[in-house]
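K.L.:
I am sharing upload16.cif, which consists of mmCIF, C-alpha atoms:
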```
data_query
loop_
_atom_site.group_PDB
_atom_site.id
_atom_site.type_symbol
_atom_site.label_atom_id
_atom_site.label_comp_id
_atom_site.auth_asym_id
_atom_site.auth_seq_id
_atom_site.Cartn_x
_atom_site.Cartn_y
_atom_site.Cartn_z
ATOM 1 C CA MET A 43 -45.130 16.259 1.962
ATOM 2 C CA ALA A 44 -48.767 15.967 0.938
ATOM 3 C CA ALA A 45 -48.694 19.528 -0.390
ATOM 4 C CA ALA A 46 -45.637 18.720 -2.517
ATOM 5 C CA ALA A 47 -47.309 15.615 -3.964
ATOM 6 C CA LEU A 48 -50.452 17.599 -4.743
ATOM 7 C CA ALA A 49 -48.418 20.394 -6.363
ATOM 8 C CA LYS A 50 -46.566 17.845 -8.522
ATOM 9 C CA HIS A 51 -49.816 16.297 -9.741
ATOM 10 C CA LEU A 52 -51.305 19.733 -10.433
ATOM 11 C CA LEU A 53 -48.191 20.773 -12.384
ATOM 12 C CA VAL A 54 -47.875 17.831 -14.760
ATOM 13 C CA GLY A 55 -50.299 15.114 -13.702
ATOM 14 C CA ARG A 56 -48.934 11.731 -14.734
ATOM 15 C CA VAL A 57 -45.678 12.112 -16.657
ATOM 16 C CA VAL A 58 -45.622 10.698 -20.187
ATOM 17 C CA ALA A 59 -42.702 8.518 -21.316
ATOM 18 C CA GLY A 60 -40.820 9.627 -24.418
ATOM 19 C CA VAL A 61 -38.388 12.247 -25.649
ATOM 20 C CA HIS A 62 -39.369 15.770 -24.635
ATOM 21 C CA ARG A 63 -37.925 19.130 -25.649
ATOM 22 C CA ARG A 64 -36.390 20.973 -22.728
ATOM 23 C CA LEU A 65 -37.436 24.410 -23.915
ATOM 24 C CA SER A 66 -41.107 23.567 -24.348
ATOM 25 C CA ALA A 67 -43.912 24.299 -21.894
ATOM 26 C CA TYR A 68 -44.092 20.604 -20.960
ATOM 27 C CA GLY A 69 -40.300 20.464 -20.565
ATOM 28 C CA ALA A 70 -40.407 23.369 -18.107
ATOM 29 C CA LEU A 71 -43.213 21.731 -16.102
ATOM 30 C CA LEU A 72 -41.304 18.450 -16.097
ATOM 31 C CA TRP A 73 -38.188 20.205 -14.793
ATOM 32 C CA ALA A 74 -40.153 22.017 -12.067
ATOM 33 C CA SER A 75 -41.869 18.814 -10.939
ATOM 34 C CA GLN A 76 -38.515 16.979 -10.809
ATOM 35 C CA LEU A 77 -37.070 19.681 -8.570
ATOM 36 C CA LEU A 78 -40.111 19.509 -6.311
ATOM 37 C CA VAL A 79 -39.953 15.712 -6.014
ATOM 38 C CA GLU A 80 -36.198 15.563 -5.459
ATOM 39 C CA SER A 81 -36.147 18.332 -2.851
ATOM 40 C CA THR A 82 -39.006 16.700 -0.923
ATOM 41 C CA ILE A 83 -37.332 13.297 -0.958
ATOM 42 C CA VAL A 84 -33.954 14.746 0.063
ATOM 43 C CA ASN A 85 -35.572 16.637 2.950
ATOM 44 C CA TYR A 86 -37.720 13.784 4.261
ATOM 45 C CA GLY A 87 -36.008 10.670 2.895
ATOM 46 C CA ASN A 88 -33.429 10.369 5.680
ATOM 47 C CA ILE A 89 -36.179 10.472 8.289
ATOM 48 C CA LEU A 90 -38.272 7.826 6.534
ATOM 49 C CA VAL A 91 -35.462 5.534 5.366
ATOM 50 C CA GLY A 92 -36.146 1.808 5.549
ATOM 51 C CA THR A 93 -39.789 2.282 6.537
ATOM 52 C CA TRP A 94 -43.057 1.780 4.722
ATOM 53 C CA ALA A 95 -43.490 5.572 4.916
ATOM 54 C CA LEU A 96 -40.728 6.120 2.335
ATOM 55 C CA ASN A 97 -42.585 3.794 -0.040
ATOM 56 C CA ALA A 98 -45.755 5.781 0.665
ATOM 57 C CA LEU A 99 -43.922 9.014 -0.170
ATOM 58 C CA TYR A 100 -42.715 7.652 -3.525
ATOM 59 C CA SER A 101 -46.213 6.282 -4.191
ATOM 60 C CA ALA A 102 -47.736 9.703 -3.476
ATOM 61 C CA PHE A 103 -45.529 11.085 -6.248
ATOM 62 C CA GLY A 104 -46.714 8.380 -8.676
ATOM 63 C CA ALA A 105 -44.433 5.348 -8.200
ATOM 64 C CA SER A 106 -45.924 1.862 -8.137
ATOM 65 C CA ILE A 107 -44.382 -0.103 -5.251
ATOM 66 C CA GLY A 108 -45.332 -3.675 -4.343
ATOM 67 C CA LYS A 109 -45.710 -5.256 -0.918
ATOM 68 C CA LEU A 110 -42.648 -5.833 1.263
ATOM 69 C CA SER A 111 -40.350 -3.809 -1.017
ATOM 70 C CA VAL A 112 -37.585 -1.839 0.672
ATOM 71 C CA ILE A 113 -35.926 1.324 -0.594
ATOM 72 C CA ARG A 114 -32.822 1.875 1.517
ATOM 73 C CA ASN A 115 -31.029 5.072 2.468
ATOM 74 C CA LYS A 116 -30.196 7.768 -0.062
ATOM 75 C CA THR A 117 -31.906 6.557 -3.210
ATOM 76 C CA PRO A 118 -33.170 10.003 -4.287
ATOM 77 C CA ALA A 119 -32.239 9.831 -7.965
ATOM 78 C CA ILE A 120 -35.792 8.823 -8.828
ATOM 79 C CA GLY A 121 -36.583 12.227 -10.319
ATOM 80 C CA ILE A 122 -39.802 11.097 -11.987
ATOM 81 C CA PRO A 123 -41.449 8.505 -9.722
ATOM 82 C CA ASP A 124 -44.312 8.062 -12.229
ATOM 83 C CA MET A 125 -41.873 6.000 -14.293
ATOM 84 C CA LEU A 126 -40.901 3.616 -11.462
ATOM 85 C CA THR A 127 -42.543 0.215 -10.964
ATOM 86 C CA LEU A 128 -41.235 -1.993 -8.163
ATOM 87 C CA GLY A 129 -42.711 -5.461 -7.789
ATOM 88 C CA GLU A 130 -43.126 -7.271 -4.492
ATOM 89 C CA ARG A 131 -40.204 -8.053 -2.157
ATOM 90 C CA ILE A 132 -37.682 -5.788 -3.873
ATOM 91 C CA VAL A 133 -34.556 -4.656 -2.051
ATOM 92 C CA CYS A 134 -32.806 -1.501 -3.304
ATOM 93 C CA GLY A 135 -29.479 -1.188 -1.484
ATOM 94 C CA ASP A 136 -27.913 1.939 -0.015
ATOM 95 C CA THR A 137 -27.140 4.778 -2.449
ATOM 96 C CA THR A 138 -28.762 2.972 -5.378
ATOM 97 C CA LYS A 139 -29.491 5.340 -8.261
ATOM 98 C CA ILE A 140 -32.649 4.673 -10.246
ATOM 99 C CA VAL A 141 -32.640 7.181 -13.086
ATOM 100 C CA THR A 142 -35.957 7.660 -14.881
ATOM 101 C CA SER A 143 -34.916 10.595 -17.081
ATOM 102 C CA MET A 144 -31.702 11.729 -18.729
ATOM 103 C CA ALA A 145 -30.513 14.419 -21.102
ATOM 104 C CA LEU A 146 -30.126 13.619 -24.787
ATOM 105 C CA GLY A 147 -27.917 16.484 -25.862
ATOM 106 C CA SER A 148 -28.725 20.048 -24.927
ATOM 107 C CA GLN A 149 -32.285 20.228 -26.271
ATOM 108 C CA GLU A 150 -34.017 16.966 -25.341
ATOM 109 C CA VAL A 151 -34.651 14.777 -22.322
ATOM 110 C CA LEU A 152 -35.521 11.068 -22.369
ATOM 111 C CA VAL A 153 -38.172 9.917 -19.906
ATOM 112 C CA ALA A 154 -38.584 6.132 -19.727
ATOM 113 C CA PRO A 155 -39.957 3.628 -17.216
ATOM 114 C CA VAL A 156 -37.794 1.515 -14.928
ATOM 115 C CA ILE A 157 -39.417 -1.789 -13.998
ATOM 116 C CA ILE A 158 -38.041 -4.077 -11.311
ATOM 117 C CA GLU A 159 -40.034 -7.295 -11.189
ATOM 118 C CA ASN A 160 -40.841 -9.364 -8.081
ATOM 119 C CA MET A 161 -38.049 -10.395 -5.727
ATOM 120 C CA GLY A 162 -35.341 -8.416 -7.538
ATOM 121 C CA THR A 163 -32.269 -7.273 -5.632
ATOM 122 C CA ILE A 164 -30.357 -4.099 -6.423
ATOM 123 C CA GLY A 165 -26.963 -3.856 -4.724
ATOM 124 C CA ALA A 166 -25.461 -0.782 -3.085
ATOM 125 C CA TRP A 167 -24.228 1.925 -5.456
ATOM 126 C CA ALA A 168 -25.846 0.232 -8.464
ATOM 127 C CA VAL A 169 -27.135 2.529 -11.213
ATOM 128 C CA ILE A 170 -30.232 1.761 -13.275
ATOM 129 C CA MET A 171 -30.771 3.994 -16.297
ATOM 130 C CA PRO A 172 -34.111 4.838 -18.016
ATOM 131 C CA GLY A 173 -35.927 2.087 -19.879
ATOM 132 C CA VAL A 174 -34.410 -0.815 -17.919
ATOM 133 C CA THR A 175 -36.434 -3.878 -16.937
ATOM 134 C CA VAL A 176 -34.974 -6.065 -14.194
ATOM 135 C CA GLY A 177 -36.480 -9.550 -14.450
ATOM 136 C CA GLN A 178 -38.049 -11.546 -11.637
ATOM 137 C CA GLN A 179 -35.504 -12.622 -8.991
ATOM 138 C CA ALA A 180 -32.654 -10.968 -10.928
ATOM 139 C CA THR A 181 -29.786 -9.467 -8.951
ATOM 140 C CA LEU A 182 -27.689 -6.433 -9.833
ATOM 141 C CA ALA A 183 -24.482 -6.674 -7.824
ATOM 142 C CA PRO A 184 -23.108 -3.614 -6.008
ATOM 143 C CA LEU A 185 -21.564 -0.983 -8.322
ATOM 144 C CA THR A 186 -23.313 -2.425 -11.400
ATOM 145 C CA ILE A 187 -24.542 -0.099 -14.143
ATOM 146 C CA ALA A 188 -27.600 -1.183 -16.139
ATOM 147 C CA GLU A 189 -27.482 0.818 -19.372
ATOM 148 C CA ALA A 190 -30.511 2.637 -20.744
ATOM 149 C CA GLY A 191 -32.992 0.367 -22.472
ATOM 150 C CA SER A 192 -31.421 -2.915 -21.344
ATOM 151 C CA ASP A 193 -33.338 -5.940 -20.092
ATOM 152 C CA MET A 194 -31.998 -8.018 -17.219
ATOM 153 C CA LYS A 195 -33.140 -11.649 -17.551
ATOM 154 C CA PRO A 196 -34.992 -13.316 -14.666
ATOM 155 C CA ARG A 197 -33.065 -15.305 -12.025
ATOM 156 C CA THR A 198 -29.688 -14.043 -13.236
ATOM 157 C CA VAL A 199 -26.900 -12.214 -11.418
ATOM 158 C CA TYR A 200 -25.408 -9.191 -13.208
ATOM 159 C CA MET A 201 -22.238 -7.265 -12.446
ATOM 160 C CA GLY A 202 -19.925 -4.744 -14.034
ATOM 161 C CA ALA A 203 -19.843 -1.242 -15.443
ATOM 162 C CA GLN A 204 -21.918 -2.577 -18.324
ATOM 163 C CA ALA A 205 -24.141 -5.091 -16.542
ATOM 164 C CA GLN A 206 -23.097 -8.534 -17.762
ATOM 165 C CA PRO A 207 -24.662 -11.825 -16.627
ATOM 166 C CA VAL A 208 -22.300 -13.831 -14.435
ATOM 167 C CA LYS A 209 -24.471 -16.744 -13.310
ATOM 168 C CA VAL A 210 -27.986 -18.086 -13.086
ATOM 169 C CA ASN A 211 -29.356 -17.536 -9.609
ATOM 170 C CA LEU A 212 -29.571 -20.600 -7.364
ATOM 171 C CA THR A 213 -33.235 -19.955 -6.550
ATOM 172 C CA LEU A 214 -34.002 -21.509 -9.935
ATOM 173 C CA ALA A 215 -33.499 -24.954 -8.371
ATOM 174 C CA LEU A 216 -36.315 -24.244 -5.905
ATOM 175 C CA LEU A 217 -38.916 -23.672 -8.616
ATOM 176 C CA PRO A 218 -41.194 -26.367 -10.061
ATOM 177 C CA GLN A 219 -39.847 -28.019 -13.248
ATOM 178 C CA GLU A 220 -42.368 -26.316 -15.578
ATOM 179 C CA GLU A 221 -41.271 -22.862 -14.358
ATOM 180 C CA ARG A 222 -37.567 -23.747 -14.760
ATOM 181 C CA ASP A 223 -38.065 -24.548 -18.435
ATOM 182 C CA SER A 224 -39.533 -21.121 -19.264
#
```
Translate the structure described by the file into C-alpha cells.
P.N.:
Amino acid sequence: MAAAALAKHLLVGRVVAGVHRRLSAYGALLWASQLLVESTIVNYGNILVGTWALNALYSAFGASIGKLSVIRNKTPAIGIPDMLTLGERIVCGDTTKIVTSMALGSQEVLVAPVIIENMGTIGAWAVIMPGVTVGQQATLAPLTIAEAGSDMKPRTVYMGAQAQPVKVNLTLALLPQEERDS
C-alpha cells in the first residue's frame, strides 16, 4: 500500500483540477495514477472497511479527511483522492460513489474537487459528481445524484436523481440564534 502511494506521488504528484486532454503526457500519467489508486483501494478496501485505516489509505493518496469521518464499504469510485476533502464527522454510506473526474467527450477529462463539509451525511448508493460542495450538516438521501458543479446548502436534506432540497434539517433548531440566521 505504501509503495502504491509513493508510486502515485512520483507519477503525478498532486493532481491539478481542470480540464485535461486525454492524449497528452499529463493525461496518460493521470490515467495511470487513477488505475493504481483504484486497484489498491479495491484490493485492500474490503479489509480496511469502516476503520481509521481506510481513511489513512485515502489520505496517503492525497485525500483530506477530518476526524471521526467514516467511509463505509465499497466506496472506491474516488479515482483521484487529491480532489476529495471530507470535513469532520462525515458518514459516507455503503456503495457511495464520489466521482472526482469524468470524461468530457472523447478527448478531455474534467478533474474537479468534491468537498463535504463537517457533519455531512451521504446515504447508501448516492452519487456525487466532480465539483460538488456538500454544505455543513447537509444530507444526501440514499440513491441521490448530486450533479457536477452543484452546491448543496447547509443543514438541508436532498433527494432524487437530480438532488433537490426536500426539507431543512432539524439540527438547525439546536444551533444558537445567530447561527440560524446565517
K.L.:
I need the residue set behind the PyMOL selection byres ((chain A and resi 138) around 12) for this file; please write it as number ranges by chain.
P.N.:
A: 112-120, 133-137, 139-141, 163-171, 182-188
K.L.:
Suppose you want the space between atom CA of Met161 of chain A and atom CA of Gly87 of chain A; what is it in Å?
P.N.:
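So the two atoms, atom CA of Met161 of chain A and atom CA of Gly87 of chain A, lie 22.9 Å apart.
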K.L.:
Could you pull the residues within 7 Å of Ser143 of chain A, counting only C-alpha atoms, minus those fewer than 4 positions along the same chain, as an MDAnalysis selection string?
P.N.:
chainID A and resid 151:154 172
K.L.:
Just the residues within 12 Å of Glu150 of chain A, please, counting all atoms listed in the file, with nothing from its chain fewer than 6 positions along; format it as a PyMOL selection string.
P.N.:
chain A and resi 60-66+68-70+72-73+143-144
K.L.:
At a cut-off of 9 Å, using all atoms listed in the file, what residues contact Tyr100 of chain A? Leave out same-chain residues fewer than 6 positions from it and give the result as a ChimeraX atom specification.
P.N.:
/A:79,83,106-107,120,123-124
K.L.:
When you look at Ala47 of chain A with a cut-off of 10 Å (counting only C-alpha atoms), what residues show up, excluding the ones that are within fewer than 5 positions of it in the same chain? I need them as an MDAnalysis selection string.
P.N.:
chainID A and resid 52:53 75 78:79 82 99:104
K.L.:
What separation in Å, quoted to one decimal, exists between atom CA of Gly177 of chain A and atom CA of Leu110 of chain A?
P.N.:
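So the answer is 17.3 Å.
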K.L.:
Would you please work out which residue, of A:Ile132, A:Met194, A:Met125, A:Val54, is nearest to Pro207 of chain A when using all atoms listed in the file?
P.N.:
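Under the stated criterion, the closest residue is A:Met194.
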K.L.:
Using only C-alpha atoms, which of the listed residues (A:Met201, A:Met43, A:Ile157, A:Ala190) sits closest to Ala98 of chain A?
P.N.:
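So, comparing all the options, the nearest one is A:Met43.
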K.L.:
In Å to one decimal, how far is atom CA of Glu159 of chain A from atom CA of Arg131 of chain A?
P.N.:
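Value for the atom CA of Arg131 of chain A-atom CA of Glu159 of chain A distance: 9.1 Å.
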K.L.:
Could you give me the axis-aligned bounding box of segment 59-74 of chain A, with 3 Å of padding per side, as centre plus edge lengths in Å to one decimal, as JSON?
P.N.:
```
{"center_x": -40.2, "center_y": 16.5, "center_z": -18.9, "size_x": 13.7, "size_y": 21.9, "size_z": 19.6}
```
K.L.:
Could you spell out the hits of the PyMOL selection byres ((chain A and resi 128) around 6) on the shown file, as a ChimeraX atom specification?
P.N.:
/A:107-108,127,129,158
K.L.:
Using all atoms listed in the file, which residues sit within 6 Å of Leu126 of chain A once same-chain residues fewer than 4 positions away are excluded, as JSON, numbers by chain?
P.N.:
{"A": [105, 155, 156]}
K.L.:
Write a file of the selected residues as a PDB file, in the coordinates of the input, keeping C-alpha atoms.
P.N.:
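What follows is the written file part_16.pdb:
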```
ATOM      1  CA  ALA A 105     -44.433   5.348  -8.200  1.00  0.00           C
ATOM      2  CA  PRO A 155     -39.957   3.628 -17.216  1.00  0.00           C
ATOM      3  CA  VAL A 156     -37.794   1.515 -14.928  1.00  0.00           C
TER       4      VAL A 156
END
```
K.L.:
Applied to the shown file, which residues does the PyMOL selection byres ((chain A and resi 209) around 7) return, written as a list in words?
P.N.:
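Given this file, the PyMOL selection byres ((chain A and resi 209) around 7) evaluates to Thr198, Val199, Pro207, Val208, Val210 and Asn211 of chain A.
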K.L.:
Just checking: using only C-alpha atoms, which residue out of A:Ala67, A:Ala74, A:Val84, A:Val91 ends up closest to Ala49 of chain A?
P.N.:
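Distance minimum relative to Ala49 of chain A lands on A:Ala74.
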